[in-house]
Amino acid sequence: LPYISGKVSLEYPDLENICMRYNPPSNNTIESTFHFFYRPPHRSSQERDDFFHAFQQTISKHPSHLPLLVLGDYNAKTPQWKATDPSTTEGRLLSSALDDLGLMQLLKDTPTRYSPTGRKTPTLLDL
């Protein structure tokens, strides 16, 4: 079995983040890191700003020579990700953070949220 380790961010205790490093059993496969983030909706602007600061600081510490996959539910909307609503401040902050970190959205054409009643257009809210 491959080795998977989890860790909690002690530097940012309010950041909801799980980090797993995949250490393959074979020397032919490269170690990879997965970060899973959650940003609760309806938080104060200070909590929002603190989240995106901690997000950027956490990801920026990742060794650039290793593969990285960042996933999560950010409760952020932007037309870049098929949101039918206008961009939210959170969407603009997340988009800017991804640009600053040299990351990109891979699921550009696949919705991640469907309305239970079918009255709203499917959107891509999660990374």
# chains A, B, ... in the order shown; residues from 1 in each chain; ligands from 1
>>> residues_around(residues="Phe55 of chain A", least_positions_apart="2", cutoff="9 Å", atoms="only C-alpha atoms", output="ChimeraX atom specification")
/A:15,17,37,50-53,57-60,97
>>> write_last_selection(atoms="C-alpha atoms", output="compact mmCIF listing (two decimals), in the first residue's frame")
# COMPACT_ATOMS: atom_id res chain seq x y z
CA LEU A 15 -7.81 27.24 8.36
CA ASN A 17 -7.26 22.32 5.44
CA PHE A 37 -9.58 23.37 1.75
CA ASP A 50 -7.59 35.71 6.87
CA PHE A 51 -8.60 32.58 4.95
CA PHE A 52 -7.11 33.74 1.65
CA HIS A 53 -3.93 34.94 3.37
CA GLN A 57 0.91 31.19 2.69
CA THR A 58 0.22 27.47 3.02
CA ILE A 59 0.41 26.73 -0.71
CA SER A 60 3.45 28.96 -1.27
CA ALA A 97 -4.49 33.80 -5.35
>>> residues_around(residues="Ala76 of chain A", least_positions_apart="5", cutoff="9 Å", atoms="only C-alpha atoms", output="short mmCIF file (atom, residue, chain, number, x, y, z; two decimals) with all heavy atoms, in the first residue's frame")
data_model
loop_
_atom_site.label_atom_id
_atom_site.label_comp_id
_atom_site.auth_asym_id
_atom_site.auth_seq_id
_atom_site.Cartn_x
_atom_site.Cartn_y
_atom_site.Cartn_z
N ARG A 39 -13.80 26.75 2.84
CA ARG A 39 -14.05 28.10 3.34
C ARG A 39 -15.55 28.23 3.55
O ARG A 39 -16.32 28.23 2.59
CB ARG A 39 -13.58 29.18 2.36
CG ARG A 39 -13.58 30.58 3.01
CD ARG A 39 -13.45 31.68 1.99
NE ARG A 39 -14.64 31.80 1.19
CZ ARG A 39 -15.80 32.38 1.60
NH1 ARG A 39 -15.88 32.89 2.80
NH2 ARG A 39 -16.82 32.45 0.80
N PRO A 41 -19.24 29.63 4.05
CA PRO A 41 -19.89 30.83 3.51
C PRO A 41 -20.28 31.78 4.64
O PRO A 41 -20.28 31.40 5.81
CB PRO A 41 -21.12 30.27 2.81
CG PRO A 41 -21.43 29.03 3.56
CD PRO A 41 -20.10 28.46 4.00
N SER A 87 -19.28 37.78 -10.27
CA SER A 87 -18.18 37.43 -9.38
C SER A 87 -18.46 37.93 -7.98
O SER A 87 -18.99 39.02 -7.79
CB SER A 87 -16.87 38.05 -9.85
OG SER A 87 -16.42 37.45 -11.02
N THR A 88 -18.06 37.13 -7.01
CA THR A 88 -18.09 37.57 -5.62
C THR A 88 -16.69 38.02 -5.25
O THR A 88 -15.72 37.72 -5.95
CB THR A 88 -18.52 36.42 -4.69
OG1 THR A 88 -17.58 35.35 -4.82
CG2 THR A 88 -19.92 35.94 -5.01
N THR A 89 -16.58 38.74 -4.15
CA THR A 89 -15.25 39.13 -3.66
C THR A 89 -14.41 37.89 -3.45
O THR A 89 -13.22 37.86 -3.80
CB THR A 89 -15.39 39.93 -2.36
OG1 THR A 89 -16.16 41.09 -2.62
CG2 THR A 89 -14.03 40.33 -1.81
N GLU A 90 -15.02 36.84 -2.91
CA GLU A 90 -14.30 35.59 -2.68
C GLU A 90 -13.79 35.00 -3.99
O GLU A 90 -12.67 34.49 -4.06
CB GLU A 90 -15.20 34.58 -1.97
CG GLU A 90 -15.57 34.96 -0.56
CD GLU A 90 -16.71 35.98 -0.46
OE1 GLU A 90 -17.30 36.32 -1.50
OE2 GLU A 90 -17.00 36.44 0.65
N GLY A 91 -14.60 35.07 -5.04
CA GLY A 91 -14.19 34.56 -6.35
C GLY A 91 -13.01 35.33 -6.90
O GLY A 91 -12.06 34.75 -7.44
N ARG A 92 -13.05 36.65 -6.76
CA ARG A 92 -11.93 37.47 -7.24
C ARG A 92 -10.66 37.19 -6.42
O ARG A 92 -9.57 37.10 -6.98
CB ARG A 92 -12.31 38.94 -7.18
CG ARG A 92 -13.34 39.33 -8.26
CD ARG A 92 -13.57 40.83 -8.32
NE ARG A 92 -14.17 41.38 -7.13
CZ ARG A 92 -15.49 41.38 -6.86
NH1 ARG A 92 -16.33 40.86 -7.74
NH2 ARG A 92 -15.95 41.90 -5.76
N LEU A 93 -10.81 37.03 -5.10
CA LEU A 93 -9.64 36.74 -4.26
C LEU A 93 -9.05 35.37 -4.58
O LEU A 93 -7.83 35.22 -4.63
CB LEU A 93 -10.03 36.82 -2.77
CG LEU A 93 -10.29 38.22 -2.23
CD1 LEU A 93 -10.91 38.14 -0.84
CD2 LEU A 93 -9.00 39.02 -2.20
N LEU A 94 -9.91 34.38 -4.79
CA LEU A 94 -9.41 33.05 -5.11
C LEU A 94 -8.73 33.04 -6.48
O LEU A 94 -7.64 32.49 -6.63
CB LEU A 94 -10.54 32.03 -5.08
CG LEU A 94 -10.14 30.59 -5.39
CD1 LEU A 94 -9.06 30.09 -4.43
CD2 LEU A 94 -11.36 29.68 -5.34
N LEU A 125 -18.40 25.63 -8.60
CA LEU A 125 -18.02 26.37 -7.40
C LEU A 125 -16.80 25.82 -6.71
O LEU A 125 -16.17 26.49 -5.91
CB LEU A 125 -19.18 26.35 -6.38
CG LEU A 125 -20.45 27.07 -6.80
CD1 LEU A 125 -21.51 26.89 -5.73
CD2 LEU A 125 -20.19 28.53 -7.04
N ASP A 126 -16.48 24.60 -6.97
CA ASP A 126 -15.42 23.93 -6.23
C ASP A 126 -14.23 23.67 -7.15
O ASP A 126 -14.36 23.56 -8.34
CB ASP A 126 -15.93 22.59 -5.67
CG ASP A 126 -17.21 22.77 -4.88
OD1 ASP A 126 -17.26 23.71 -4.06
OD2 ASP A 126 -18.12 22.01 -5.07
#
>>> atom_distance(atom1="atom CA of Ser44 of chain A", atom2="atom CA of Leu71 of chain A")
22.7 Å
>>> residues_around(residues="Leu68 of chain A", least_positions_apart="2", cutoff="10 Å", atoms="only C-alpha atoms", output="PyMOL selection string")
chain A and resi 21+31-35+59+62-66+70-71+103
>>> atom_distance(atom1="atom CA of Pro116 of chain A", atom2="atom CA of Glu16 of chain A")
26.1 Å
>>> closest_residue(among="A:Ala54, A:Tyr38, A:Met104, A:Gln46", to="Tyr74 of chain A", atoms="only C-alpha atoms")
A:Tyr38
>>> atom_distance(atom1="atom CA of Gln105 of chain A", atom2="atom CA of Phe36 of chain A")
14.3 Å
>>> select_by_dssp(residues="segment 25-112 of chain A", states="strand (DSSP E)", output="PyMOL selection string")
chain A and resi 32-38+68-73
>>> closest_residue(among="A:Leu106, A:Gln56, A:Leu69, A:Asp49", to="Met20 of chain A", atoms="only C-alpha atoms")
A:Leu69
>>> closest_residue(among="A:Thr29, A:Asp14, A:Pro67, A:Pro24", to="Glu47 of chain A", atoms="only C-alpha atoms")
A:Asp14
>>> decode(residues="segment 56-71 of chain A", atoms="all heavy atoms", output="PDB file, in the first residue's frame")
ATOM      1  N   GLN A  56      -2.845  31.264   0.736  1.00  0.00           N
ATOM      2  CA  GLN A  56      -1.664  31.589  -0.074  1.00  0.00           C
ATOM      3  C   GLN A  56      -0.369  31.221   0.644  1.00  0.00           C
ATOM      4  O   GLN A  56       0.547  30.685   0.034  1.00  0.00           O
ATOM      5  CB  GLN A  56      -1.658  33.069  -0.443  1.00  0.00           C
ATOM      6  CG  GLN A  56      -2.607  33.386  -1.571  1.00  0.00           C
ATOM      7  CD  GLN A  56      -2.389  34.766  -2.128  1.00  0.00           C
ATOM      8  OE1 GLN A  56      -2.913  35.720  -1.577  1.00  0.00           O
ATOM      9  NE2 GLN A  56      -1.644  34.876  -3.206  1.00  0.00           N
ATOM     10  N   GLN A  57      -0.299  31.509   1.933  1.00  0.00           N
ATOM     11  CA  GLN A  57       0.913  31.194   2.687  1.00  0.00           C
ATOM     12  C   GLN A  57       1.152  29.684   2.747  1.00  0.00           C
ATOM     13  O   GLN A  57       2.282  29.220   2.614  1.00  0.00           O
ATOM     14  CB  GLN A  57       0.827  31.770   4.108  1.00  0.00           C
ATOM     15  CG  GLN A  57       0.858  33.278   4.155  1.00  0.00           C
ATOM     16  CD  GLN A  57       2.118  33.841   3.522  1.00  0.00           C
ATOM     17  OE1 GLN A  57       3.223  33.446   3.860  1.00  0.00           O
ATOM     18  NE2 GLN A  57       1.945  34.747   2.567  1.00  0.00           N
ATOM     19  N   THR A  58       0.095  28.927   2.934  1.00  0.00           N
ATOM     20  CA  THR A  58       0.216  27.469   3.018  1.00  0.00           C
ATOM     21  C   THR A  58       0.685  26.882   1.697  1.00  0.00           C
ATOM     22  O   THR A  58       1.619  26.080   1.656  1.00  0.00           O
ATOM     23  CB  THR A  58      -1.140  26.848   3.433  1.00  0.00           C
ATOM     24  OG1 THR A  58      -1.503  27.367   4.725  1.00  0.00           O
ATOM     25  CG2 THR A  58      -1.065  25.341   3.501  1.00  0.00           C
ATOM     26  N   ILE A  59       0.058  27.284   0.604  1.00  0.00           N
ATOM     27  CA  ILE A  59       0.412  26.731  -0.707  1.00  0.00           C
ATOM     28  C   ILE A  59       1.796  27.208  -1.154  1.00  0.00           C
ATOM     29  O   ILE A  59       2.550  26.460  -1.770  1.00  0.00           O
ATOM     30  CB  ILE A  59      -0.654  27.086  -1.764  1.00  0.00           C
ATOM     31  CG1 ILE A  59      -2.000  26.462  -1.391  1.00  0.00           C
ATOM     32  CG2 ILE A  59      -0.224  26.648  -3.154  1.00  0.00           C
ATOM     33  CD1 ILE A  59      -1.982  24.953  -1.262  1.00  0.00           C
ATOM     34  N   SER A  60       2.156  28.430  -0.822  1.00  0.00           N
ATOM     35  CA  SER A  60       3.447  28.960  -1.271  1.00  0.00           C
ATOM     36  C   SER A  60       4.633  28.225  -0.640  1.00  0.00           C
ATOM     37  O   SER A  60       5.741  28.274  -1.155  1.00  0.00           O
ATOM     38  CB  SER A  60       3.548  30.461  -0.990  1.00  0.00           C
ATOM     39  OG  SER A  60       3.610  30.687   0.403  1.00  0.00           O
ATOM     40  N   LYS A  61       4.404  27.504   0.446  1.00  0.00           N
ATOM     41  CA  LYS A  61       5.482  26.753   1.100  1.00  0.00           C
ATOM     42  C   LYS A  61       5.715  25.384   0.464  1.00  0.00           C
ATOM     43  O   LYS A  61       6.653  24.686   0.818  1.00  0.00           O
ATOM     44  CB  LYS A  61       5.158  26.580   2.589  1.00  0.00           C
ATOM     45  CG  LYS A  61       5.200  27.896   3.323  1.00  0.00           C
ATOM     46  CD  LYS A  61       4.813  27.737   4.769  1.00  0.00           C
ATOM     47  CE  LYS A  61       4.802  29.105   5.421  1.00  0.00           C
ATOM     48  NZ  LYS A  61       4.328  29.047   6.782  1.00  0.00           N
ATOM     49  N   HIS A  62       4.885  25.016  -0.488  1.00  0.00           N
ATOM     50  CA  HIS A  62       5.026  23.716  -1.142  1.00  0.00           C
ATOM     51  C   HIS A  62       6.247  23.716  -2.053  1.00  0.00           C
ATOM     52  O   HIS A  62       6.434  24.650  -2.833  1.00  0.00           O
ATOM     53  CB  HIS A  62       3.764  23.392  -1.956  1.00  0.00           C
ATOM     54  CG  HIS A  62       3.841  22.089  -2.671  1.00  0.00           C
ATOM     55  ND1 HIS A  62       3.697  20.893  -2.016  1.00  0.00           N
ATOM     56  CD2 HIS A  62       4.077  21.788  -3.963  1.00  0.00           C
ATOM     57  CE1 HIS A  62       3.831  19.911  -2.883  1.00  0.00           C
ATOM     58  NE2 HIS A  62       4.062  20.433  -4.073  1.00  0.00           N
ATOM     59  N   PRO A  63       7.078  22.660  -1.975  1.00  0.00           N
ATOM     60  CA  PRO A  63       8.248  22.597  -2.872  1.00  0.00           C
ATOM     61  C   PRO A  63       7.816  22.605  -4.341  1.00  0.00           C
ATOM     62  O   PRO A  63       6.985  21.801  -4.756  1.00  0.00           O
ATOM     63  CB  PRO A  63       8.902  21.258  -2.516  1.00  0.00           C
ATOM     64  CG  PRO A  63       8.368  20.901  -1.170  1.00  0.00           C
ATOM     65  CD  PRO A  63       7.005  21.526  -1.075  1.00  0.00           C
ATOM     66  N   SER A  64       8.364  23.514  -5.112  1.00  0.00           N
ATOM     67  CA  SER A  64       7.919  23.696  -6.499  1.00  0.00           C
ATOM     68  C   SER A  64       8.262  22.515  -7.402  1.00  0.00           C
ATOM     69  O   SER A  64       7.665  22.372  -8.466  1.00  0.00           O
ATOM     70  CB  SER A  64       8.512  24.976  -7.077  1.00  0.00           C
ATOM     71  OG  SER A  64       9.923  24.899  -7.067  1.00  0.00           O
ATOM     72  N   HIS A  65       9.176  21.659  -7.005  1.00  0.00           N
ATOM     73  CA  HIS A  65       9.559  20.531  -7.862  1.00  0.00           C
ATOM     74  C   HIS A  65       8.639  19.319  -7.692  1.00  0.00           C
ATOM     75  O   HIS A  65       8.749  18.355  -8.435  1.00  0.00           O
ATOM     76  CB  HIS A  65      11.012  20.135  -7.597  1.00  0.00           C
ATOM     77  CG  HIS A  65      11.234  19.561  -6.228  1.00  0.00           C
ATOM     78  ND1 HIS A  65      11.317  20.348  -5.103  1.00  0.00           N
ATOM     79  CD2 HIS A  65      11.357  18.283  -5.814  1.00  0.00           C
ATOM     80  CE1 HIS A  65      11.504  19.573  -4.048  1.00  0.00           C
ATOM     81  NE2 HIS A  65      11.527  18.320  -4.447  1.00  0.00           N
ATOM     82  N   LEU A  66       7.706  19.361  -6.744  1.00  0.00           N
ATOM     83  CA  LEU A  66       6.793  18.243  -6.513  1.00  0.00           C
ATOM     84  C   LEU A  66       5.398  18.555  -7.040  1.00  0.00           C
ATOM     85  O   LEU A  66       4.934  19.692  -6.918  1.00  0.00           O
ATOM     86  CB  LEU A  66       6.702  17.927  -5.022  1.00  0.00           C
ATOM     87  CG  LEU A  66       7.971  17.404  -4.364  1.00  0.00           C
ATOM     88  CD1 LEU A  66       7.748  17.230  -2.867  1.00  0.00           C
ATOM     89  CD2 LEU A  66       8.411  16.092  -4.995  1.00  0.00           C
ATOM     90  N   PRO A  67       4.701  17.573  -7.605  1.00  0.00           N
ATOM     91  CA  PRO A  67       3.321  17.796  -8.058  1.00  0.00           C
ATOM     92  C   PRO A  67       2.407  18.197  -6.892  1.00  0.00           C
ATOM     93  O   PRO A  67       2.561  17.698  -5.770  1.00  0.00           O
ATOM     94  CB  PRO A  67       2.905  16.435  -8.621  1.00  0.00           C
ATOM     95  CG  PRO A  67       4.181  15.743  -8.951  1.00  0.00           C
ATOM     96  CD  PRO A  67       5.173  16.225  -7.931  1.00  0.00           C
ATOM     97  N   LEU A  68       1.480  19.083  -7.179  1.00  0.00           N
ATOM     98  CA  LEU A  68       0.551  19.597  -6.173  1.00  0.00           C
ATOM     99  C   LEU A  68      -0.844  19.643  -6.765  1.00  0.00           C
ATOM    100  O   LEU A  68      -1.035  20.126  -7.881  1.00  0.00           O
ATOM    101  CB  LEU A  68       0.974  21.007  -5.752  1.00  0.00           C
ATOM    102  CG  LEU A  68       0.011  21.787  -4.872  1.00  0.00           C
ATOM    103  CD1 LEU A  68      -0.086  21.136  -3.486  1.00  0.00           C
ATOM    104  CD2 LEU A  68       0.474  23.227  -4.751  1.00  0.00           C
ATOM    105  N   LEU A  69      -1.810  19.153  -6.018  1.00  0.00           N
ATOM    106  CA  LEU A  69      -3.207  19.245  -6.406  1.00  0.00           C
ATOM    107  C   LEU A  69      -3.956  19.922  -5.262  1.00  0.00           C
ATOM    108  O   LEU A  69      -3.895  19.462  -4.118  1.00  0.00           O
ATOM    109  CB  LEU A  69      -3.784  17.849  -6.672  1.00  0.00           C
ATOM    110  CG  LEU A  69      -5.179  17.798  -7.273  1.00  0.00           C
ATOM    111  CD1 LEU A  69      -5.221  18.489  -8.630  1.00  0.00           C
ATOM    112  CD2 LEU A  69      -5.626  16.358  -7.425  1.00  0.00           C
ATOM    113  N   VAL A  70      -4.608  21.044  -5.565  1.00  0.00           N
ATOM    114  CA  VAL A  70      -5.344  21.813  -4.561  1.00  0.00           C
ATOM    115  C   VAL A  70      -6.822  21.656  -4.876  1.00  0.00           C
ATOM    116  O   VAL A  70      -7.265  21.956  -5.978  1.00  0.00           O
ATOM    117  CB  VAL A  70      -4.940  23.301  -4.586  1.00  0.00           C
ATOM    118  CG1 VAL A  70      -5.724  24.087  -3.557  1.00  0.00           C
ATOM    119  CG2 VAL A  70      -3.446  23.456  -4.344  1.00  0.00           C
ATOM    120  N   LEU A  71      -7.576  21.172  -3.904  1.00  0.00           N
ATOM    121  CA  LEU A  71      -9.007  20.927  -4.067  1.00  0.00           C
ATOM    122  C   LEU A  71      -9.755  21.657  -2.969  1.00  0.00           C
ATOM    123  O   LEU A  71      -9.161  22.089  -1.987  1.00  0.00           O
ATOM    124  CB  LEU A  71      -9.281  19.417  -3.947  1.00  0.00           C
ATOM    125  CG  LEU A  71      -8.437  18.536  -4.864  1.00  0.00           C
ATOM    126  CD1 LEU A  71      -8.095  17.237  -4.176  1.00  0.00           C
ATOM    127  CD2 LEU A  71      -9.196  18.285  -6.131  1.00  0.00           C
TER     128      LEU A  71
END
